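Visitor: Below is the file model_28.pdb, which contains PDB, C-alpha atoms and all ligand atoms.
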ATOM      1  CA  MET A   1     -20.949 -35.590  12.066
ATOM      2  CA  THR A   2     -18.398 -38.412  12.382
ATOM      3  CA  GLY A   3     -15.286 -38.041  14.576
ATOM      4  CA  ALA A   4     -13.049 -37.594  11.537
ATOM      5  CA  GLY A   5     -15.481 -35.071  10.023
ATOM      6  CA  ARG A   6     -15.550 -33.079  13.243
ATOM      7  CA  ARG A   7     -11.740 -33.050  13.485
ATOM      8  CA  HIS A   8     -11.616 -31.905   9.873
ATOM      9  CA  ALA A   9     -14.064 -29.061  10.548
ATOM     10  CA  VAL A  10     -12.083 -27.963  13.620
ATOM     11  CA  ALA A  11      -8.860 -27.958  11.563
ATOM     12  CA  VAL A  12     -10.480 -25.800   8.857
ATOM     13  CA  ILE A  13     -11.791 -23.298  11.414
ATOM     14  CA  LEU A  14      -8.423 -23.148  13.205
ATOM     15  CA  PHE A  15      -6.611 -22.612   9.931
ATOM     16  CA  ALA A  16      -8.988 -19.818   8.901
ATOM     17  CA  ALA A  17      -8.549 -18.134  12.297
ATOM     18  CA  LEU A  18      -4.740 -18.349  12.026
ATOM     19  CA  ALA A  19      -4.825 -16.931   8.498
ATOM     20  CA  LEU A  20      -6.951 -14.017   9.735
ATOM     21  CA  LEU A  21      -4.550 -13.429  12.603
ATOM     22  CA  ALA A  22      -1.531 -13.487  10.316
ATOM     23  CA  ALA A  23      -3.260 -11.060   7.949
ATOM     24  CA  GLY A  24      -3.640  -8.649  10.842
ATOM     25  CA  CYS A  25       0.091  -8.685  11.592
ATOM     26  CA  GLY A  26       2.796  -6.761   9.812
ATOM     27  CA  ASP A  27       3.342  -3.079   9.280
ATOM     28  CA  GLN A  28       0.538  -2.334   6.858
ATOM     29  CA  SER A  29      -2.545  -2.305   9.046
ATOM     30  CA  THR A  30      -5.625  -0.142   8.602
ATOM     31  CA  LEU A  31      -6.051  -0.566  12.350
ATOM     32  CA  SER A  32      -2.909   1.313  13.367
ATOM     33  CA  PRO A  33      -3.830   4.729  11.970
ATOM     34  CA  HIS A  34      -1.309   7.579  11.899
ATOM     35  CA  SER A  35      -3.445  10.389  10.529
ATOM     36  CA  LYS A  36      -6.895  11.839  11.099
ATOM     37  CA  ALA A  37      -8.175  10.332   7.858
ATOM     38  CA  SER A  38      -7.054   6.806   8.683
ATOM     39  CA  ARG A  39      -8.244   7.196  12.282
ATOM     40  CA  ASP A  40     -11.740   8.020  10.978
ATOM     41  CA  ILE A  41     -11.615   4.955   8.734
ATOM     42  CA  ALA A  42     -10.470   2.742  11.624
ATOM     43  CA  THR A  43     -13.191   4.111  13.915
ATOM     44  CA  LEU A  44     -15.868   3.417  11.317
ATOM     45  CA  TRP A  45     -14.444  -0.090  10.923
ATOM     46  CA  TRP A  46     -14.667  -0.740  14.678
ATOM     47  CA  TRP A  47     -18.270   0.531  14.783
ATOM     48  CA  MET A  48     -19.182  -1.726  11.866
ATOM     49  CA  LEU A  49     -17.468  -4.668  13.550
ATOM     50  CA  GLY A  50     -19.380  -3.877  16.755
ATOM     51  CA  ALA A  51     -22.742  -3.649  14.974
ATOM     52  CA  ALA A  52     -22.073  -6.835  12.996
ATOM     53  CA  GLY A  53     -20.953  -8.546  16.215
ATOM     54  CA  VAL A  54     -24.173  -7.667  18.028
ATOM     55  CA  VAL A  55     -26.232  -9.031  15.128
ATOM     56  CA  PHE A  56     -24.072 -12.152  14.794
ATOM     57  CA  PHE A  57     -24.045 -13.079  18.475
ATOM     58  CA  GLY A  58     -27.713 -12.062  18.856
ATOM     59  CA  ALA A  59     -28.676 -14.397  16.033
ATOM     60  CA  LEU A  60     -26.474 -17.140  17.497
ATOM     61  CA  PHE A  61     -28.110 -16.704  20.892
ATOM     62  CA  LEU A  62     -31.615 -16.919  19.399
ATOM     63  CA  LEU A  63     -30.658 -20.019  17.430
ATOM     64  CA  LEU A  64     -29.379 -21.706  20.581
ATOM     65  CA  LEU A  65     -32.470 -20.632  22.476
ATOM     66  CA  GLY A  66     -34.698 -22.042  19.744
ATOM     67  CA  TRP A  67     -32.778 -25.276  19.787
ATOM     68  CA  THR A  68     -32.877 -25.772  23.582
ATOM     69  CA  ARG A  69     -36.605 -24.949  23.655
ATOM     70  CA  ARG A  70     -37.518 -26.866  20.527
ATOM     71  CA  ARG A  71     -40.071 -29.035  22.349
ATOM     72  CA  LYS A  72     -41.832 -26.106  24.075
ATOM     73  CA  ARG A  73     -44.460 -23.899  22.482
ATOM     74  CA  GLY A  74     -44.195 -20.093  22.252
ATOM     75  CA  LEU A  75     -41.403 -17.710  23.155
ATOM     76  CA  PRO A  76     -39.616 -17.403  26.493
ATOM     77  CA  VAL A  77     -41.079 -14.505  28.554
ATOM     78  CA  PHE A  78     -43.416 -13.449  25.720
ATOM     79  CA  GLY A  79     -45.272 -16.768  25.431
ATOM     80  CA  GLU A  80     -47.706 -17.101  22.520
ATOM     81  CA  ASP A  81     -48.879 -13.469  22.355
ATOM     82  CA  GLU A  82     -49.282 -12.835  18.572
ATOM     83  CA  GLY A  83     -49.129  -9.037  18.901
ATOM     84  CA  LEU A  84     -45.892  -9.127  20.878
ATOM     85  CA  THR A  85     -44.173 -11.564  18.534
ATOM     86  CA  THR A  86     -45.158  -9.439  15.505
ATOM     87  CA  GLY A  87     -43.768  -6.437  17.365
ATOM     88  CA  LEU A  88     -40.458  -8.242  17.881
ATOM     89  CA  VAL A  89     -40.208  -9.091  14.190
ATOM     90  CA  VAL A  90     -40.940  -5.492  13.191
ATOM     91  CA  THR A  91     -38.484  -4.091  15.723
ATOM     92  CA  PHE A  92     -35.511  -6.397  15.106
ATOM     93  CA  GLY A  93     -36.278  -7.382  11.516
ATOM     94  CA  ILE A  94     -37.071  -3.908  10.147
ATOM     95  CA  ALA A  95     -36.624  -0.962  12.512
ATOM     96  CA  VAL A  96     -33.182  -1.828  13.980
ATOM     97  CA  PRO A  97     -31.579  -2.743  10.600
ATOM     98  CA  VAL A  98     -33.009   0.382   8.921
ATOM     99  CA  VAL A  99     -31.715   2.669  11.670
ATOM    100  CA  THR A 100     -28.294   0.941  11.775
ATOM    101  CA  LEU A 101     -27.826   0.955   8.007
ATOM    102  CA  ILE A 102     -28.871   4.602   7.698
ATOM    103  CA  ALA A 103     -26.505   5.573  10.523
ATOM    104  CA  LEU A 104     -23.592   3.690   8.906
ATOM    105  CA  PHE A 105     -24.456   5.199   5.515
ATOM    106  CA  VAL A 106     -24.483   8.723   6.920
ATOM    107  CA  VAL A 107     -21.208   8.302   8.845
ATOM    108  CA  ALA A 108     -19.450   6.519   5.951
ATOM    109  CA  ASN A 109     -20.633   8.867   3.214
ATOM    110  CA  PHE A 110     -20.522  12.213   4.925
ATOM    111  CA  SER A 111     -18.037  12.115   7.735
ATOM    112  CA  VAL A 112     -15.440   9.588   6.522
ATOM    113  CA  VAL A 113     -15.653  10.552   2.850
ATOM    114  CA  SER A 114     -15.157  14.215   3.639
ATOM    115  CA  ALA A 115     -12.297  13.431   6.030
ATOM    116  CA  THR A 116     -10.482  11.431   3.353
ATOM    117  CA  GLN A 117     -11.382  13.604   0.344
ATOM    118  CA  ALA A 118      -8.778  15.123  -1.982
ATOM    119  CA  PRO A 119      -7.280  18.011  -0.002
ATOM    120  CA  LYS A 120      -7.768  21.632  -1.013
ATOM    121  CA  THR A 121      -4.386  22.367  -2.587
ATOM    122  CA  ALA A 122      -4.058  25.601  -0.612
ATOM    123  CA  SER A 123      -4.394  23.628   2.634
ATOM    124  CA  THR A 124      -1.323  21.531   1.854
ATOM    125  CA  ALA A 125       2.326  22.465   2.314
ATOM    126  CA  MET A 126       3.661  20.665  -0.738
ATOM    127  CA  THR A 127       2.710  18.531  -3.716
ATOM    128  CA  ILE A 128       4.326  15.327  -4.891
ATOM    129  CA  GLN A 129       3.534  13.301  -7.962
ATOM    130  CA  VAL A 130       3.298   9.518  -7.845
ATOM    131  CA  ILE A 131       3.105   7.715 -11.170
ATOM    132  CA  GLY A 132       2.116   4.058 -11.367
ATOM    133  CA  HIS A 133       4.050   1.767 -13.720
ATOM    134  CA  GLN A 134       3.822  -1.980 -14.181
ATOM    135  CA  TRP A 135       5.228  -2.682 -11.487
ATOM    136  CA  PHE A 136       6.848   0.144  -9.667
ATOM    137  CA  TRP A 137       6.093   3.651  -8.415
ATOM    138  CA  GLU A 138       7.783   6.711  -9.869
ATOM    139  CA  VAL A 139       7.927   9.629  -7.435
ATOM    140  CA  ARG A 140       8.507  13.239  -8.465
ATOM    141  CA  TYR A 141       8.813  16.421  -6.455
ATOM    142  CA  PRO A 142       7.430  19.263  -8.628
ATOM    143  CA  GLY A 143       9.519  22.415  -8.428
ATOM    144  CA  THR A 144      12.678  20.331  -8.013
ATOM    145  CA  THR A 145      14.518  17.902 -10.263
ATOM    146  CA  ALA A 146      14.191  15.094  -7.713
ATOM    147  CA  VAL A 147      12.919  11.763  -9.032
ATOM    148  CA  THR A 148      12.921   8.480  -7.179
ATOM    149  CA  ALA A 149      11.075   5.183  -7.044
ATOM    150  CA  ASN A 150       9.102   3.104  -4.556
ATOM    151  CA  GLU A 151      10.343   4.948  -1.473
ATOM    152  CA  ILE A 152       8.318   8.114  -0.986
ATOM    153  CA  HIS A 153       9.852  10.593   1.446
ATOM    154  CA  ILE A 154       7.636  13.218   3.050
ATOM    155  CA  PRO A 155       8.081  15.539   5.994
ATOM    156  CA  ALA A 156       6.242  14.309   9.112
ATOM    157  CA  ARG A 157       3.313  16.330  10.479
ATOM    158  CA  THR A 158       2.958  18.044   7.129
ATOM    159  CA  ARG A 159       0.000  17.961   4.758
ATOM    160  CA  VAL A 160       1.255  16.551   1.478
ATOM    161  CA  ASN A 161      -0.882  16.710  -1.637
ATOM    162  CA  VAL A 162      -0.311  13.593  -3.758
ATOM    163  CA  VAL A 163      -1.203  13.720  -7.445
ATOM    164  CA  ALA A 164      -1.623  10.129  -8.622
ATOM    165  CA  THR A 165      -1.409   9.172 -12.284
ATOM    166  CA  THR A 166      -0.366   6.164 -14.352
ATOM    167  CA  THR A 167       1.529   5.545 -17.573
ATOM    168  CA  ASP A 168      -0.133   2.241 -18.354
ATOM    169  CA  VAL A 169      -3.028   0.407 -16.682
ATOM    170  CA  ILE A 170      -5.123   1.285 -13.626
ATOM    171  CA  HIS A 171      -3.289   1.044 -10.309
ATOM    172  CA  SER A 172      -4.359   2.126  -6.854
ATOM    173  CA  LEU A 173      -2.163   3.848  -4.312
ATOM    174  CA  TRP A 174      -2.841   2.721  -0.761
ATOM    175  CA  VAL A 175      -0.938   3.435   2.424
ATOM    176  CA  PRO A 176      -3.410   2.063   4.991
ATOM    177  CA  GLU A 177      -1.878   3.765   8.031
ATOM    178  CA  LEU A 178      -2.134   7.187   6.389
ATOM    179  CA  ASN A 179      -5.253   7.336   4.241
ATOM    180  CA  ARG A 180      -7.705   5.554   1.975
ATOM    181  CA  LYS A 181      -6.948   4.147  -1.472
ATOM    182  CA  ILE A 182      -6.813   6.364  -4.506
ATOM    183  CA  ASP A 183      -7.107   4.918  -8.013
ATOM    184  CA  MET A 184      -4.525   5.839 -10.630
ATOM    185  CA  ILE A 185      -6.449   6.048 -13.878
ATOM    186  CA  PRO A 186      -5.002   6.716 -17.361
ATOM    187  CA  GLY A 187      -5.689  10.338 -18.323
ATOM    188  CA  HIS A 188      -6.812  11.356 -14.823
ATOM    189  CA  ARG A 189      -5.081  13.224 -12.049
ATOM    190  CA  ASN A 190      -6.549  11.923  -8.802
ATOM    191  CA  ARG A 191      -5.415  13.425  -5.535
ATOM    192  CA  VAL A 192      -5.088  12.233  -1.989
ATOM    193  CA  LEU A 193      -3.682  13.681   1.214
ATOM    194  CA  LEU A 194      -0.685  12.036   2.848
ATOM    195  CA  TYR A 195      -0.161  13.116   6.426
ATOM    196  CA  ALA A 196       1.818  11.226   9.066
ATOM    197  CA  ASP A 197       1.353  12.318  12.667
ATOM    198  CA  ARG A 198       4.879  11.195  13.549
ATOM    199  CA  PRO A 199       8.113  10.202  11.818
ATOM    200  CA  GLY A 200       8.123   6.582  10.734
ATOM    201  CA  VAL A 201       7.974   4.190   7.821
ATOM    202  CA  TYR A 202       4.529   3.370   6.475
ATOM    203  CA  ARG A 203       4.139   0.517   4.029
ATOM    204  CA  GLY A 204       1.845   0.771   1.038
ATOM    205  CA  GLN A 205       0.700  -1.482  -1.757
ATOM    206  CA  CYS A 206      -0.963  -1.303  -5.144
ATOM    207  CA  ALA A 207      -4.607  -2.028  -4.439
ATOM    208  CA  GLU A 208      -5.925  -2.592  -7.960
ATOM    209  CA  PHE A 209      -4.981  -5.715  -9.882
ATOM    210  CA  CYS A 210      -2.630  -4.541 -12.615
ATOM    211  CA  GLY A 211      -1.004  -7.672 -14.048
ATOM    212  CA  PRO A 212       1.174 -10.623 -13.031
ATOM    213  CA  GLN A 213       3.453  -8.662 -10.634
ATOM    214  CA  HIS A 214       0.666  -6.692  -8.956
ATOM    215  CA  ALA A 215       1.489  -8.357  -5.628
ATOM    216  CA  HIS A 216       5.107  -7.144  -5.940
ATOM    217  CA  MET A 217       4.141  -3.519  -6.403
ATOM    218  CA  SER A 218       4.669  -2.161  -2.923
ATOM    219  CA  MET A 219       6.106   1.073  -1.641
ATOM    220  CA  LYS A 220       7.167   2.710   1.581
ATOM    221  CA  VAL A 221       6.436   6.169   2.842
ATOM    222  CA  PHE A 222       9.290   7.549   4.952
ATOM    223  CA  ALA A 223       7.916  10.380   7.070
ATOM    224  CA  GLN A 224      10.949  12.289   8.309
ATOM    225  CA  PRO A 225      11.555  15.304  10.538
ATOM    226  CA  PRO A 226      11.365  18.313   8.164
ATOM    227  CA  ASP A 227      15.084  19.155   8.277
ATOM    228  CA  ARG A 228      16.077  15.577   7.453
ATOM    229  CA  PHE A 229      13.498  15.537   4.680
ATOM    230  CA  ARG A 230      14.933  18.745   3.201
ATOM    231  CA  ALA A 231      18.448  17.274   3.262
ATOM    232  CA  TRP A 232      17.153  14.134   1.552
ATOM    233  CA  LEU A 233      15.349  16.171  -1.121
ATOM    234  CA  ARG A 234      18.413  18.326  -1.773
ATOM    235  CA  ASN A 235      20.495  15.196  -2.372
ATOM    236  CA  MET A 236      17.761  13.577  -4.476
ATOM    237  CA  ALA A 237      17.517  16.647  -6.718
ATOM    238  CA  ALA A 238      21.260  16.710  -7.405
ATOM    239  CA  PRO A 239      22.780  14.880 -10.388
ATOM    240  CA  ARG A 240      24.605  11.618  -9.763
ATOM    241  CA  ARG A 241      27.787  11.552  -7.731
ATOM    242  CA  ALA A 242      30.600  11.656 -10.308
ATOM    243  CA  PRO A 243      32.724   8.493 -10.404
ATOM    244  CA  SER A 244      35.694   8.912  -8.074
ATOM    245  CA  SER A 245      37.884   6.033  -9.250
ATOM    246  CA  PRO A 246      38.823   4.320 -12.524
ATOM    247  CA  GLU A 247      36.696   1.317 -11.545
ATOM    248  CA  LEU A 248      33.596   3.493 -11.002
ATOM    249  CA  THR A 249      34.279   5.391 -14.233
ATOM    250  CA  ARG A 250      34.364   2.067 -16.042
ATOM    251  CA  GLY A 251      31.061   1.098 -14.371
ATOM    252  CA  GLU A 252      29.422   4.283 -15.592
ATOM    253  CA  GLN A 253      30.789   3.799 -19.100
ATOM    254  CA  VAL A 254      29.470   0.245 -19.257
ATOM    255  CA  PHE A 255      26.057   1.348 -17.969
ATOM    256  CA  VAL A 256      25.769   4.242 -20.402
ATOM    257  CA  ALA A 257      26.948   2.191 -23.371
ATOM    258  CA  SER A 258      24.732  -0.827 -22.691
ATOM    259  CA  ALA A 259      20.998  -1.420 -22.940
ATOM    260  CA  CYS A 260      20.587  -0.164 -19.343
ATOM    261  CA  ALA A 261      20.694   3.443 -20.562
ATOM    262  CA  SER A 262      17.769   2.953 -22.939
ATOM    263  CA  CYS A 263      15.456   2.215 -20.005
ATOM    264  CA  HIS A 264      17.000   4.014 -17.032
ATOM    265  CA  THR A 265      17.934   7.592 -16.281
ATOM    266  CA  ILE A 266      21.020   8.522 -14.279
ATOM    267  CA  ARG A 267      20.964  12.301 -14.142
ATOM    268  CA  GLY A 268      24.332  13.804 -14.969
ATOM    269  CA  THR A 269      25.086  11.092 -17.548
ATOM    270  CA  SER A 270      23.768  10.462 -21.035
ATOM    271  CA  ALA A 271      21.416   7.735 -19.718
ATOM    272  CA  HIS A 272      17.914   9.132 -20.185
ATOM    273  CA  GLY A 273      15.710   6.038 -20.478
ATOM    274  CA  GLU A 274      12.178   6.319 -19.119
ATOM    275  CA  VAL A 275      10.977   2.736 -18.970
ATOM    276  CA  GLY A 276      12.413   1.808 -15.572
ATOM    277  CA  PRO A 277      13.071   3.633 -12.294
ATOM    278  CA  ASP A 278      15.428   6.625 -12.114
ATOM    279  CA  LEU A 279      18.697   5.257 -10.700
ATOM    280  CA  THR A 280      20.484   8.566  -9.969
ATOM    281  CA  HIS A 281      20.534   7.906  -6.215
ATOM    282  CA  LEU A 282      19.829   4.180  -6.255
ATOM    283  CA  ALA A 283      22.126   3.428  -3.313
ATOM    284  CA  THR A 284      20.007   5.565  -0.968
ATOM    285  CA  ARG A 285      17.071   3.172  -1.329
ATOM    286  CA  THR A 286      16.600   0.325   1.125
ATOM    287  CA  THR A 287      14.873  -2.014  -1.332
ATOM    288  CA  LEU A 288      14.775  -2.867  -5.032
ATOM    289  CA  ALA A 289      11.998  -3.667  -7.498
ATOM    290  CA  ALA A 290       9.128  -2.183  -5.458
ATOM    291  CA  LEU A 291      10.145  -3.752  -2.120
ATOM    292  CA  THR A 292      10.656  -7.196  -3.640
ATOM    293  CA  ILE A 293      14.301  -7.559  -2.517
ATOM    294  CA  PRO A 294      16.665  -5.668  -0.185
ATOM    295  CA  ASN A 295      19.081  -3.224  -1.781
ATOM    296  CA  ARG A 296      22.278  -5.169  -1.099
ATOM    297  CA  ARG A 297      25.076  -6.134  -3.463
ATOM    298  CA  GLY A 298      24.116  -9.803  -3.784
ATOM    299  CA  TYR A 299      20.472  -9.035  -4.503
ATOM    300  CA  LEU A 300      21.365  -6.192  -6.851
ATOM    301  CA  GLY A 301      23.660  -8.522  -8.805
ATOM    302  CA  GLY A 302      20.982 -11.227  -8.852
ATOM    303  CA  TRP A 303      18.459  -8.708 -10.131
ATOM    304  CA  ILE A 304      20.636  -7.520 -13.010
ATOM    305  CA  LEU A 305      21.614 -11.074 -14.017
ATOM    306  CA  ASP A 306      18.066 -12.431 -13.924
ATOM    307  CA  PRO A 307      15.221 -10.051 -13.067
ATOM    308  CA  GLN A 308      12.717 -12.549 -14.477
ATOM    309  CA  HIS A 309      13.650 -15.047 -11.796
ATOM    310  CA  ILE A 310      12.922 -12.546  -9.033
ATOM    311  CA  LYS A 311       9.911 -10.851 -10.617
ATOM    312  CA  PRO A 312       8.557 -12.950 -13.513
ATOM    313  CA  GLY A 313       7.045 -10.716 -16.168
ATOM    314  CA  ALA A 314       8.889  -7.566 -14.975
ATOM    315  CA  LYS A 315       9.635  -5.169 -17.837
ATOM    316  CA  MET A 316      13.378  -5.616 -17.491
ATOM    317  CA  PRO A 317      15.174  -8.318 -19.479
ATOM    318  CA  ALA A 318      18.244 -10.164 -18.248
ATOM    319  CA  ILE A 319      21.312  -8.403 -19.614
ATOM    320  CA  ALA A 320      24.514 -10.360 -20.164
ATOM    321  CA  LEU A 321      27.508  -8.322 -19.023
ATOM    322  CA  GLY A 322      31.044  -9.738 -18.934
ATOM    323  CA  GLY A 323      32.363 -10.581 -15.449
ATOM    324  CA  ALA A 324      34.554  -7.489 -15.029
ATOM    325  CA  ASP A 325      31.949  -5.166 -16.588
ATOM    326  CA  PHE A 326      29.321  -6.647 -14.322
ATOM    327  CA  GLN A 327      31.399  -6.045 -11.180
ATOM    328  CA  ALA A 328      32.174  -2.507 -12.346
ATOM    329  CA  VAL A 329      28.453  -1.762 -12.883
ATOM    330  CA  LEU A 330      27.657  -3.171  -9.441
ATOM    331  CA  ASP A 331      30.343  -0.989  -7.815
ATOM    332  CA  TYR A 332      29.085   2.007  -9.734
ATOM    333  CA  LEU A 333      25.409   1.485  -8.838
ATOM    334  CA  GLN A 334      26.375   1.035  -5.191
ATOM    335  CA  SER A 335      28.223   4.352  -5.278
ATOM    336  CA  LEU A 336      25.108   6.280  -6.359
ATOM    337  CA  ARG A 337      24.260   7.768  -2.984
TER     338      ARG A 337
HETATM  339 CU    CU A 401      -1.547  -3.348  -8.938
END
When written as structure tokens, how does the structure in this file appear?

Guide:
Amino acid sequence: MTGAGRRHAVAVILFAALALLAAGCGDQSTLSPHSKASRDIATLWWWMLGAAGVVFFGALFLLLLGWTRRRKRGLPVFGEDEGLTTGLVVTFGIAVPVVTLIALFVVANFSVVSATQAPKTASTAMTIQVIGHQWFWEVRYPGTTAVTANEIHIPARTRVNVVATTTDVIHSLWVPELNRKIDMIPGHRNRVLLYADRPGVYRGQCAEFCGPQHAHMSMKVFAQPPDRFRAWLRNMAAPRRAPSSPELTRGEQVFVASACASCHTIRGTSAHGEVGPDLTHLATRTTLAALTIPNRRGYLGGWILDPQHIKPGAKMPAIALGGADFQAVLDYLQSLR
């Protein structure tokens, strides 16, 4: 290899290593498990990494050994004994791989699969419904009127049965710190357990390519102490906060009378659209458009003026509202706590 070639190769390897490192950062890691299911998955992953590491470094060692001894005949220690060398090939080429693969198969298919299987409904404390849409998550709490989007609240240290469905294409619900992926398939009701061993925010992501904004279809699971969760749910189930000023009343009127109402629901008003997320308590969310932007006035305004700029292909068109109407709608949406 020439000097330039070698430098090039080093740069490529360094870059790949950095990319791997960066991929391991962030708050969505399979390797920081917060439930028994994800701990089992992480443990299996470490065992597989260990086994693959032994094979990789073993092979590397033998290659190096072969290279340093390339002018000598026979093997180190074993010499040219045919029987012994055949034995080595059988042991490391057949016996060890067969045993390792069977062991991994058994652990992966019996222990981890059963630990991450759909929970027996009776063993869970509550059920929530998560519905995949291109490109957001609708979240319902059966038995209540609560509906929200992209930010799933659950009580911590509680077994939650999640029923996953979709209204359009196949999606996959995945919160790596809490459990495995579960596909959302048209016409099916797949189930997965969500359990968080302590309060916290656990990021999730659609894990099945579902169209141009697949990468912007994220969600967060907020595991809260049970009393805080109950307070949240009570608020979420209530209709919208009635406008408390002429400006907010105007905002509601503009919303209800414009195209917004044909796609969005605000419970307590005549807006009953079902294409986009329920906005009844929009202001309680921390993010907009499936975690694409923060839920702050500037971003919210930017989203309404030009959603296609923020999320090209999103199923919401830009809507032209007059300056005063626009400000009134912004005020109104920000009052929906
Ligand atoms: Cu997707």

Visitor: What gap, in Å, lies between CA of Val201 in chain A and CA of Lys220 in chain A?

Guide: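 Computed distance, CA of Val201 in chain A to CA of Lys220 in chain A, equals 6.5 Å.
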
Visitor: Which protein, DNA or RNA residues have an atom within 6 Å of ligand CU 401 (chain A), counting all atoms listed in the file, as a PyMOL selection string?

Guide: chain A and resi 171+206-210+214

Visitor: Write the selection just made, keeping C-alpha atoms, as a CSV table (one decimal), in the frame of the given file?

Guide:
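Written file, part37.csv:
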chain,number,residue,atom,x,y,z
A,171,HIS,CA,-3.3,1.0,-10.3
A,206,CYS,CA,-1.0,-1.3,-5.1
A,207,ALA,CA,-4.6,-2.0,-4.4
A,208,GLU,CA,-5.9,-2.6,-8.0
A,209,PHE,CA,-5.0,-5.7,-9.9
A,210,CYS,CA,-2.6,-4.5,-12.6
A,214,HIS,CA,0.7,-6.7,-9.0

Visitor: Compare A:Arg198, A:Arg203, A:Arg337, A:Lys72 by their minimum atom-to-atom distance to Met219 in chain A, counting only C-alpha atoms, and give me the closest one.

Guide: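 Using only C-alpha atoms, the shortest distance to Met219 in chain A belongs to A:Arg203.
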
Visitor: Could you give me the centre and size, in Å to one decimal, of an axis-aligned box around all listed atoms of range 52-58 of chain A with 6 Å added on every side, as lines of an AutoDock Vina configuration file?

Guide:
center_x = -24.3
center_y = -10.0
center_z = 15.9
size_x = 18.8
size_y = 18.2
size_z = 17.9

Visitor: Would you kindly identify which residues have an atom no farther than 12 Å from (29.8, -5.6, -9.3), using all atoms listed in the file and the file's own coordinates, and write them out as a ChimeraX atom specification?

Guide: /A:247-248,250-252,254-255,296-305,321-335

Visitor: Given only C-alpha atoms as the basis, pick out the residue of A:Ala196, A:Leu279, A:Ala146, A:Ile266 nearest to Phe222 in chain A.

Guide: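 Nearest candidate to Phe222 in chain A out of A:Ala196, A:Leu279, A:Ala146, A:Ile266: A:Ala196.
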
Visitor: Could you tell me which residues the PyMOL selection byres (((chain A and resi 151) around 10) and not hetatm) returns for this structure, as a PyMOL selection string?

Guide: chain A and resi 137-139+148-150+152-154+201-204+218-222+284-288+290-291

Visitor: Please write the residues from the selection above to a file, keeping C-alpha atoms, as a PDB file, in the frame of the given file.

Guide:
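Contents of out_36.pdb, freshly written:
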ATOM      1  CA  TRP A 137       6.093   3.651  -8.415  1.00  0.00           C
ATOM      2  CA  GLU A 138       7.783   6.711  -9.869  1.00  0.00           C
ATOM      3  CA  VAL A 139       7.927   9.629  -7.435  1.00  0.00           C
ATOM      4  CA  THR A 148      12.921   8.480  -7.179  1.00  0.00           C
ATOM      5  CA  ALA A 149      11.075   5.183  -7.044  1.00  0.00           C
ATOM      6  CA  ASN A 150       9.102   3.104  -4.556  1.00  0.00           C
ATOM      7  CA  ILE A 152       8.318   8.114  -0.986  1.00  0.00           C
ATOM      8  CA  HIS A 153       9.852  10.593   1.446  1.00  0.00           C
ATOM      9  CA  ILE A 154       7.636  13.218   3.050  1.00  0.00           C
ATOM     10  CA  VAL A 201       7.974   4.190   7.821  1.00  0.00           C
ATOM     11  CA  TYR A 202       4.529   3.370   6.475  1.00  0.00           C
ATOM     12  CA  ARG A 203       4.139   0.517   4.029  1.00  0.00           C
ATOM     13  CA  GLY A 204       1.845   0.771   1.038  1.00  0.00           C
ATOM     14  CA  SER A 218       4.669  -2.161  -2.923  1.00  0.00           C
ATOM     15  CA  MET A 219       6.106   1.073  -1.641  1.00  0.00           C
ATOM     16  CA  LYS A 220       7.167   2.710   1.581  1.00  0.00           C
ATOM     17  CA  VAL A 221       6.436   6.169   2.842  1.00  0.00           C
ATOM     18  CA  PHE A 222       9.290   7.549   4.952  1.00  0.00           C
ATOM     19  CA  THR A 284      20.007   5.565  -0.968  1.00  0.00           C
ATOM     20  CA  ARG A 285      17.071   3.172  -1.329  1.00  0.00           C
ATOM     21  CA  THR A 286      16.600   0.325   1.125  1.00  0.00           C
ATOM     22  CA  THR A 287      14.873  -2.014  -1.332  1.00  0.00           C
ATOM     23  CA  LEU A 288      14.775  -2.867  -5.032  1.00  0.00           C
ATOM     24  CA  ALA A 290       9.128  -2.183  -5.458  1.00  0.00           C
ATOM     25  CA  LEU A 291      10.145  -3.752  -2.120  1.00  0.00           C
TER      26      LEU A 291
END

Visitor: Here is a test: counting all atoms listed in the file, which residue of A:Thr249, A:Thr158, A:Gln224, A:Thr165 is nearest to Arg140 in chain A?

Guide: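 That would be A:Thr165, the residue with the smallest distance to Arg140 in chain A.
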
Visitor: Any chance you could work out the residue set of the PyMOL selection byres (((chain A and resi 112) around 12) and not hetatm) here, as an mmCIF file with C-alpha atoms, in the coordinates of the input?

Guide:
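Result went into result-v7.cif, see below:
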data_model
loop_
_atom_site.group_PDB
_atom_site.id
_atom_site.type_symbol
_atom_site.label_atom_id
_atom_site.label_comp_id
_atom_site.auth_asym_id
_atom_site.auth_seq_id
_atom_site.Cartn_x
_atom_site.Cartn_y
_atom_site.Cartn_z
ATOM 1 C CA LYS A 36 -6.895 11.839 11.099
ATOM 2 C CA ALA A 37 -8.175 10.332 7.858
ATOM 3 C CA SER A 38 -7.054 6.806 8.683
ATOM 4 C CA ARG A 39 -8.244 7.196 12.282
ATOM 5 C CA ASP A 40 -11.740 8.020 10.978
ATOM 6 C CA ILE A 41 -11.615 4.955 8.734
ATOM 7 C CA ALA A 42 -10.470 2.742 11.624
ATOM 8 C CA THR A 43 -13.191 4.111 13.915
ATOM 9 C CA LEU A 44 -15.868 3.417 11.317
ATOM 10 C CA TRP A 45 -14.444 -0.090 10.923
ATOM 11 C CA LEU A 104 -23.592 3.690 8.906
ATOM 12 C CA PHE A 105 -24.456 5.199 5.515
ATOM 13 C CA VAL A 106 -24.483 8.723 6.920
ATOM 14 C CA VAL A 107 -21.208 8.302 8.845
ATOM 15 C CA ALA A 108 -19.450 6.519 5.951
ATOM 16 C CA ASN A 109 -20.633 8.867 3.214
ATOM 17 C CA PHE A 110 -20.522 12.213 4.925
ATOM 18 C CA SER A 111 -18.037 12.115 7.735
ATOM 19 C CA VAL A 113 -15.653 10.552 2.850
ATOM 20 C CA SER A 114 -15.157 14.215 3.639
ATOM 21 C CA ALA A 115 -12.297 13.431 6.030
ATOM 22 C CA THR A 116 -10.482 11.431 3.353
ATOM 23 C CA GLN A 117 -11.382 13.604 0.344
ATOM 24 C CA ASN A 179 -5.253 7.336 4.241
ATOM 25 C CA ARG A 180 -7.705 5.554 1.975
#
